[in-house]
Amino acid sequence: MGCTEARLNGFFPHARLLMTRLPGTRCLLVLAFLFGMSPRTTSAGVVNSILLQWRAQAEKCEDSDRVDDITMVHVAMFEAVNSIARKYTPYKAMIPAAPGSSEVAAAAAAAHGVMVSVCPDMKSAYDGALKKSLALVKDSVSRENGAAVGRKAAEAVLAARANANSKGRDPFFAASKPGVYVPTMRQVGMVFSKETPWVMTKPDELRPPAPPALGSAAWVRDYNEIKKLGARKSAARTDEQTAIAKFWANKDVRIVLPQLVGLPGRSLVDDARFLALADMAWEDSYVAMMDGKYAHNYWRPVTAIRGAATDGSDSTVADPDWEPMANTPPHPEYPCGHCLSAGAVGTVIAREFGKDMPAMVIEQDSTLLLRYLNAQEYIDEVSESRILFGVHYRNSADVGKAMGVSIGKLAVERYFKPLKSSSSRK
């Protein structure tokens, strides 16, 4: 059987399943995945992959006290490369760079400088990774001059973010009275809401209005929708919807970024800028999300549906045995976090590539591929998945998407603007 393509129905009209079957085997996706990927030139891919190599190195750090270490790595790499290319406005300031300084060496040294600071226990591993990266640059003078720029970029970013992370611990649930059971898992994310943002001016810059009042038409609509679609054994949810909801359950929405690096015609500084903006927007999406969640403290569907007798509406019927498709995260419901993050990252993608954006293809386990023709399809599907997963109401998803889009716009409007002398070279 040849390669087949079928549109998902229901809530995913734009995503497509891409599958191929080999004789005598179950459905496979390797060929569909390879042919679905956007073409890349060897030169761009090889050079620009230094950004992804160091992103992967940063992800290996598990003991960092920082929550924004990967973002710092990408901002430092951009600052270093841009100080040599001099194409965009800097994060802090242009760093003096000798003519012919290697951008690859600068990026590697910048990332290394950040990671040995935030994850010192892995210094030996990071030193080894840096040695391999620098070996790619054969000219010793160019290599050292570039590395010097990278080291200074790391120092500048570390200094700028020295006091950005909030300190403290998230609270335990308070007991209503002695002898009453209280969940033993801490709520999470309240501390995150106090982090100094990257692109917003303050954590509550985009704080959303209050969620729908209990008993309102919007509340009744959202309640009945998620009760039906988000139940663990929902008969209204299709197999495709279930598969996609499960895929996005614990996925970082930035999973789409690597395939957009090293595309034809893009320089290292272009990709460094793109990844830095995407990560800055992603980081702020979590700050804004947790600020909103703890400001409004709205109940999750599992609580609302089991306790609907207390919401004051005759149009919501309680189901004490209702279970969501997934375990509910340990923090308040509103606004939707995945929706916010996808909105932020998707908006940076849309602004970066415009009509020239290649289709984004991602893998779902070993049975299907999802293909997004534009950033809006990606944003919408991630958001719908949270409703189908039984953890967010539609209003929360819509508000989260809108907040994320606003953050993405702030990132590209406030940072790394093309310099007038270079605006025609991108």
# chains A, B, ... in the order shown; residues from 1 in each chain; ligands from 1

$ select_by_dssp --residues "segment 225-419 of chain A" --states "alpha helix (DSSP H)" --output "VMD selection string"
chain A and resid 225 to 229 239 to 248 268 to 296 301 to 306 337 to 353 375 to 388 394 to 414

$ residues_around --residues "Val317 of chain A" --least-positions-apart "3" --cutoff "12 Å" --atoms "only C-alpha atoms" --output "PyMOL selection string"
chain A and resi 215+220+223-224+227-228+304-314+320+322

$ write_last_selection --atoms "C-alpha atoms" --output "tab-separated table (two decimals), in the first residue's frame"
chain	number	residue	atom	x	y	z
A	215	GLY	CA	-24.21	29.99	36.58
A	220	VAL	CA	-22.83	26.28	31.57
A	223	TYR	CA	-19.09	22.83	31.86
A	224	ASN	CA	-21.29	20.67	29.66
A	227	LYS	CA	-18.02	16.98	30.86
A	228	LYS	CA	-18.93	15.31	27.58
A	304	ALA	CA	-16.46	21.31	39.26
A	305	ILE	CA	-18.18	18.28	37.72
A	306	ARG	CA	-18.08	16.21	40.88
A	307	GLY	CA	-19.27	19.17	42.94
A	308	ALA	CA	-21.68	20.85	40.49
A	309	ALA	CA	-24.42	20.88	43.11
A	310	THR	CA	-22.60	23.83	44.67
A	311	ASP	CA	-22.30	26.02	41.55
A	312	GLY	CA	-25.81	27.48	41.80
A	313	SER	CA	-26.94	26.43	38.34
A	314	ASP	CA	-29.79	24.10	37.43
A	320	PRO	CA	-19.45	12.34	41.51
A	322	TRP	CA	-16.55	11.71	36.63

$ closest_atom_pairs --of "segment 61-131 of chain A" --to "segment 268-286 of chain A" --cutoff "10 Å" --atoms "only C-alpha atoms" --output "Markdown table"
| residue | atom | partner | partner_atom | distance |
| --- | --- | --- | --- | --- |
| A:Val67 | CA | A:Glu283 | CA | 8.6 |
| A:Asp68 | CA | A:Glu283 | CA | 6.8 |
| A:Ile70 | CA | A:Asp279 | CA | 7.6 |
| A:Thr71 | CA | A:Asp279 | CA | 5.2 |
| A:Met72 | CA | A:Ala276 | CA | 8.3 |
| A:Val73 | CA | A:Ala276 | CA | 8.3 |
| A:His74 | CA | A:Ala276 | CA | 4.8 |
| A:Val75 | CA | A:Ala276 | CA | 5.0 |
| A:Ala76 | CA | A:Ala276 | CA | 8.4 |
| A:Met77 | CA | A:Ala272 | CA | 6.6 |
| A:Phe78 | CA | A:Ala272 | CA | 4.8 |
| A:Glu79 | CA | A:Arg273 | CA | 8.5 |
| A:Ala80 | CA | A:Val269 | CA | 9.1 |
| A:Val81 | CA | A:Val269 | CA | 5.8 |
| A:Asn82 | CA | A:Val269 | CA | 5.8 |
| A:Ser83 | CA | A:Val269 | CA | 9.4 |
| A:Ile84 | CA | A:Val269 | CA | 9.0 |
| A:Ala85 | CA | A:Val269 | CA | 6.8 |
| A:Arg86 | CA | A:Val269 | CA | 8.8 |
| A:Lys87 | CA | A:Val269 | CA | 7.7 |
| A:Tyr88 | CA | A:Arg273 | CA | 8.4 |
| A:Pro90 | CA | A:Arg273 | CA | 9.8 |
| A:Tyr91 | CA | A:Ala276 | CA | 9.9 |
| A:Glu103 | CA | A:Leu268 | CA | 7.7 |
| A:Val104 | CA | A:Leu268 | CA | 8.2 |
| A:Ala107 | CA | A:Ala272 | CA | 8.6 |

$ closest_residue --among "A:Ala109, A:Ala160, A:Leu51, A:Ile362" --to "Asn145 of chain A" --atoms "only C-alpha atoms"
A:Ala109

$ closest_atom_pairs --of "segment 186-254 of chain A" --to "segment 397-404 of chain A" --cutoff "10 Å" --atoms "only C-alpha atoms" --output "JSON lines"
{"residue": "A:Leu206", "atom": "CA", "partner": "A:Met403", "partner_atom": "CA", "distance": 6.7}
{"residue": "A:Arg207", "atom": "CA", "partner": "A:Met403", "partner_atom": "CA", "distance": 8.3}
{"residue": "A:Pro208", "atom": "CA", "partner": "A:Val399", "partner_atom": "CA", "distance": 7.3}
{"residue": "A:Pro209", "atom": "CA", "partner": "A:Val399", "partner_atom": "CA", "distance": 9.1}
{"residue": "A:Pro211", "atom": "CA", "partner": "A:Val399", "partner_atom": "CA", "distance": 9.1}

$ residues_around --residues "Thr201 of chain A" --least-positions-apart "3" --cutoff "12 Å" --atoms "only C-alpha atoms" --output "PyMOL selection string"
chain A and resi 195-198+204-206+284+287-288+407+410-411+414

$ write_last_selection --atoms "N, CA and C atoms" --output "PDB file, in the first residue's frame"
ATOM      1  N   GLU A 195       8.744  35.401  38.742  1.00  0.00           N
ATOM      2  CA  GLU A 195       9.981  35.561  37.975  1.00  0.00           C
ATOM      3  C   GLU A 195       9.959  36.868  37.180  1.00  0.00           C
ATOM      4  N   THR A 196      11.094  37.486  37.051  1.00  0.00           N
ATOM      5  CA  THR A 196      11.202  38.670  36.202  1.00  0.00           C
ATOM      6  C   THR A 196      11.017  38.251  34.749  1.00  0.00           C
ATOM      7  N   PRO A 197      10.030  38.822  34.050  1.00  0.00           N
ATOM      8  CA  PRO A 197       9.780  38.396  32.666  1.00  0.00           C
ATOM      9  C   PRO A 197      10.920  38.789  31.734  1.00  0.00           C
ATOM     10  N   TRP A 198      10.929  38.144  30.578  1.00  0.00           N
ATOM     11  CA  TRP A 198      11.891  38.468  29.538  1.00  0.00           C
ATOM     12  C   TRP A 198      11.372  39.557  28.605  1.00  0.00           C
ATOM     13  N   ASP A 204       2.268  40.591  35.762  1.00  0.00           N
ATOM     14  CA  ASP A 204       0.816  40.741  35.570  1.00  0.00           C
ATOM     15  C   ASP A 204       0.461  41.694  34.427  1.00  0.00           C
ATOM     16  N   GLU A 205       1.419  41.972  33.546  1.00  0.00           N
ATOM     17  CA  GLU A 205       1.148  42.894  32.442  1.00  0.00           C
ATOM     18  C   GLU A 205      -0.041  42.435  31.603  1.00  0.00           C
ATOM     19  N   LEU A 206      -0.186  41.135  31.421  1.00  0.00           N
ATOM     20  CA  LEU A 206      -1.259  40.609  30.588  1.00  0.00           C
ATOM     21  C   LEU A 206      -2.248  39.780  31.406  1.00  0.00           C
ATOM     22  N   ASP A 284       8.017  33.609  29.176  1.00  0.00           N
ATOM     23  CA  ASP A 284       7.041  34.564  29.699  1.00  0.00           C
ATOM     24  C   ASP A 284       5.627  34.010  29.689  1.00  0.00           C
ATOM     25  N   VAL A 287       5.236  32.578  33.044  1.00  0.00           N
ATOM     26  CA  VAL A 287       5.099  33.623  34.063  1.00  0.00           C
ATOM     27  C   VAL A 287       3.668  34.163  34.055  1.00  0.00           C
ATOM     28  N   ALA A 288       3.166  34.504  32.872  1.00  0.00           N
ATOM     29  CA  ALA A 288       1.810  35.045  32.760  1.00  0.00           C
ATOM     30  C   ALA A 288       0.761  34.008  33.143  1.00  0.00           C
ATOM     31  N   ILE A 407       1.940  37.805  23.954  1.00  0.00           N
ATOM     32  CA  ILE A 407       3.328  37.682  24.397  1.00  0.00           C
ATOM     33  C   ILE A 407       4.255  37.499  23.202  1.00  0.00           C
ATOM     34  N   LEU A 410       4.760  40.797  21.634  1.00  0.00           N
ATOM     35  CA  LEU A 410       5.651  41.636  22.429  1.00  0.00           C
ATOM     36  C   LEU A 410       7.111  41.258  22.181  1.00  0.00           C
ATOM     37  N   ALA A 411       7.384  39.974  22.078  1.00  0.00           N
ATOM     38  CA  ALA A 411       8.765  39.524  21.877  1.00  0.00           C
ATOM     39  C   ALA A 411       9.338  40.100  20.591  1.00  0.00           C
ATOM     40  N   ARG A 414       9.512  44.095  20.689  1.00  0.00           N
ATOM     41  CA  ARG A 414      10.363  44.761  21.666  1.00  0.00           C
ATOM     42  C   ARG A 414      11.832  44.367  21.559  1.00  0.00           C
TER      43      ARG A 414
END

$ residues_around --residues "segment 244-259 of chain A" --least-positions-apart "4" --cutoff "7 Å" --atoms "only C-alpha atoms" --output "PyMOL selection string"
chain A and resi 52+240+341-342+360+362+364+382+385-386+388-389

$ residues_around --residues "Asp170 of chain A" --least-positions-apart "4" --cutoff "8 Å" --atoms "only C-alpha atoms" --output "PyMOL selection string"
chain A and resi 186-191

$ residues_around --residues "segment 113-122 of chain A" --least-positions-apart "2" --cutoff "9 Å" --atoms "only C-alpha atoms" --output "ChimeraX atom specification"
/A:57-58,60-66,69-70,72-73,76,108-111,124-127,150-155,157-158

$ write_last_selection --atoms "C-alpha atoms" --output "PDB file, in the first residue's frame"
ATOM      1  CA  GLN A  57      23.393  20.099  25.994  1.00  0.00           C
ATOM      2  CA  ALA A  58      21.408  22.540  28.132  1.00  0.00           C
ATOM      3  CA  LYS A  60      20.832  17.573  30.057  1.00  0.00           C
ATOM      4  CA  CYS A  61      21.098  19.747  33.162  1.00  0.00           C
ATOM      5  CA  GLU A  62      18.692  18.396  35.778  1.00  0.00           C
ATOM      6  CA  ASP A  63      19.966  20.121  38.902  1.00  0.00           C
ATOM      7  CA  SER A  64      19.854  23.768  37.931  1.00  0.00           C
ATOM      8  CA  ASP A  65      18.131  26.185  40.286  1.00  0.00           C
ATOM      9  CA  ARG A  66      17.278  28.254  37.235  1.00  0.00           C
ATOM     10  CA  ASP A  69      18.503  28.326  31.725  1.00  0.00           C
ATOM     11  CA  ILE A  70      17.672  27.245  28.153  1.00  0.00           C
ATOM     12  CA  MET A  72      19.549  32.241  28.735  1.00  0.00           C
ATOM     13  CA  VAL A  73      21.571  29.913  26.520  1.00  0.00           C
ATOM     14  CA  ALA A  76      23.541  34.450  24.962  1.00  0.00           C
ATOM     15  CA  ALA A 108      29.349  27.567  21.446  1.00  0.00           C
ATOM     16  CA  ALA A 109      31.346  29.593  23.962  1.00  0.00           C
ATOM     17  CA  ALA A 110      28.297  31.649  24.915  1.00  0.00           C
ATOM     18  CA  ALA A 111      26.179  28.564  25.585  1.00  0.00           C
ATOM     19  CA  SER A 124      33.429  18.487  32.726  1.00  0.00           C
ATOM     20  CA  ALA A 125      30.793  17.343  30.221  1.00  0.00           C
ATOM     21  CA  TYR A 126      30.211  20.883  28.993  1.00  0.00           C
ATOM     22  CA  ASP A 127      33.944  21.451  28.639  1.00  0.00           C
ATOM     23  CA  GLY A 150      30.879  34.231  23.294  1.00  0.00           C
ATOM     24  CA  ARG A 151      32.354  34.326  26.777  1.00  0.00           C
ATOM     25  CA  LYS A 152      31.525  38.002  27.128  1.00  0.00           C
ATOM     26  CA  ALA A 153      27.983  37.399  25.872  1.00  0.00           C
ATOM     27  CA  ALA A 154      27.463  34.707  28.509  1.00  0.00           C
ATOM     28  CA  GLU A 155      28.736  37.016  31.235  1.00  0.00           C
ATOM     29  CA  VAL A 157      23.291  37.581  30.052  1.00  0.00           C
ATOM     30  CA  LEU A 158      24.116  35.968  33.389  1.00  0.00           C
TER      31      LEU A 158
END

$ closest_atom_pairs --of "segment 213-258 of chain A" --to "segment 325-339 of chain A" --cutoff "7 Å" --atoms "only C-alpha atoms" --output "Markdown table"
| residue | atom | partner | partner_atom | distance |
| --- | --- | --- | --- | --- |
| A:Gly230 | CA | A:Met325 | CA | 5.9 |
| A:Ala231 | CA | A:Met325 | CA | 5.3 |
| A:Arg232 | CA | A:Met325 | CA | 3.7 |

$ write_last_selection --atoms "N, CA and C atoms" --output "PDB file, in the first residue's frame"
ATOM      1  N   GLY A 230     -14.300  15.621  27.628  1.00  0.00           N
ATOM      2  CA  GLY A 230     -13.065  15.410  28.376  1.00  0.00           C
ATOM      3  C   GLY A 230     -13.089  14.233  29.324  1.00  0.00           C
ATOM      4  N   ALA A 231     -14.191  13.484  29.349  1.00  0.00           N
ATOM      5  CA  ALA A 231     -14.285  12.347  30.255  1.00  0.00           C
ATOM      6  C   ALA A 231     -13.336  11.232  29.844  1.00  0.00           C
ATOM      7  N   ARG A 232     -12.865  10.490  30.822  1.00  0.00           N
ATOM      8  CA  ARG A 232     -11.923   9.401  30.546  1.00  0.00           C
ATOM      9  C   ARG A 232     -12.485   8.405  29.537  1.00  0.00           C
TER      10      ARG A 232
END
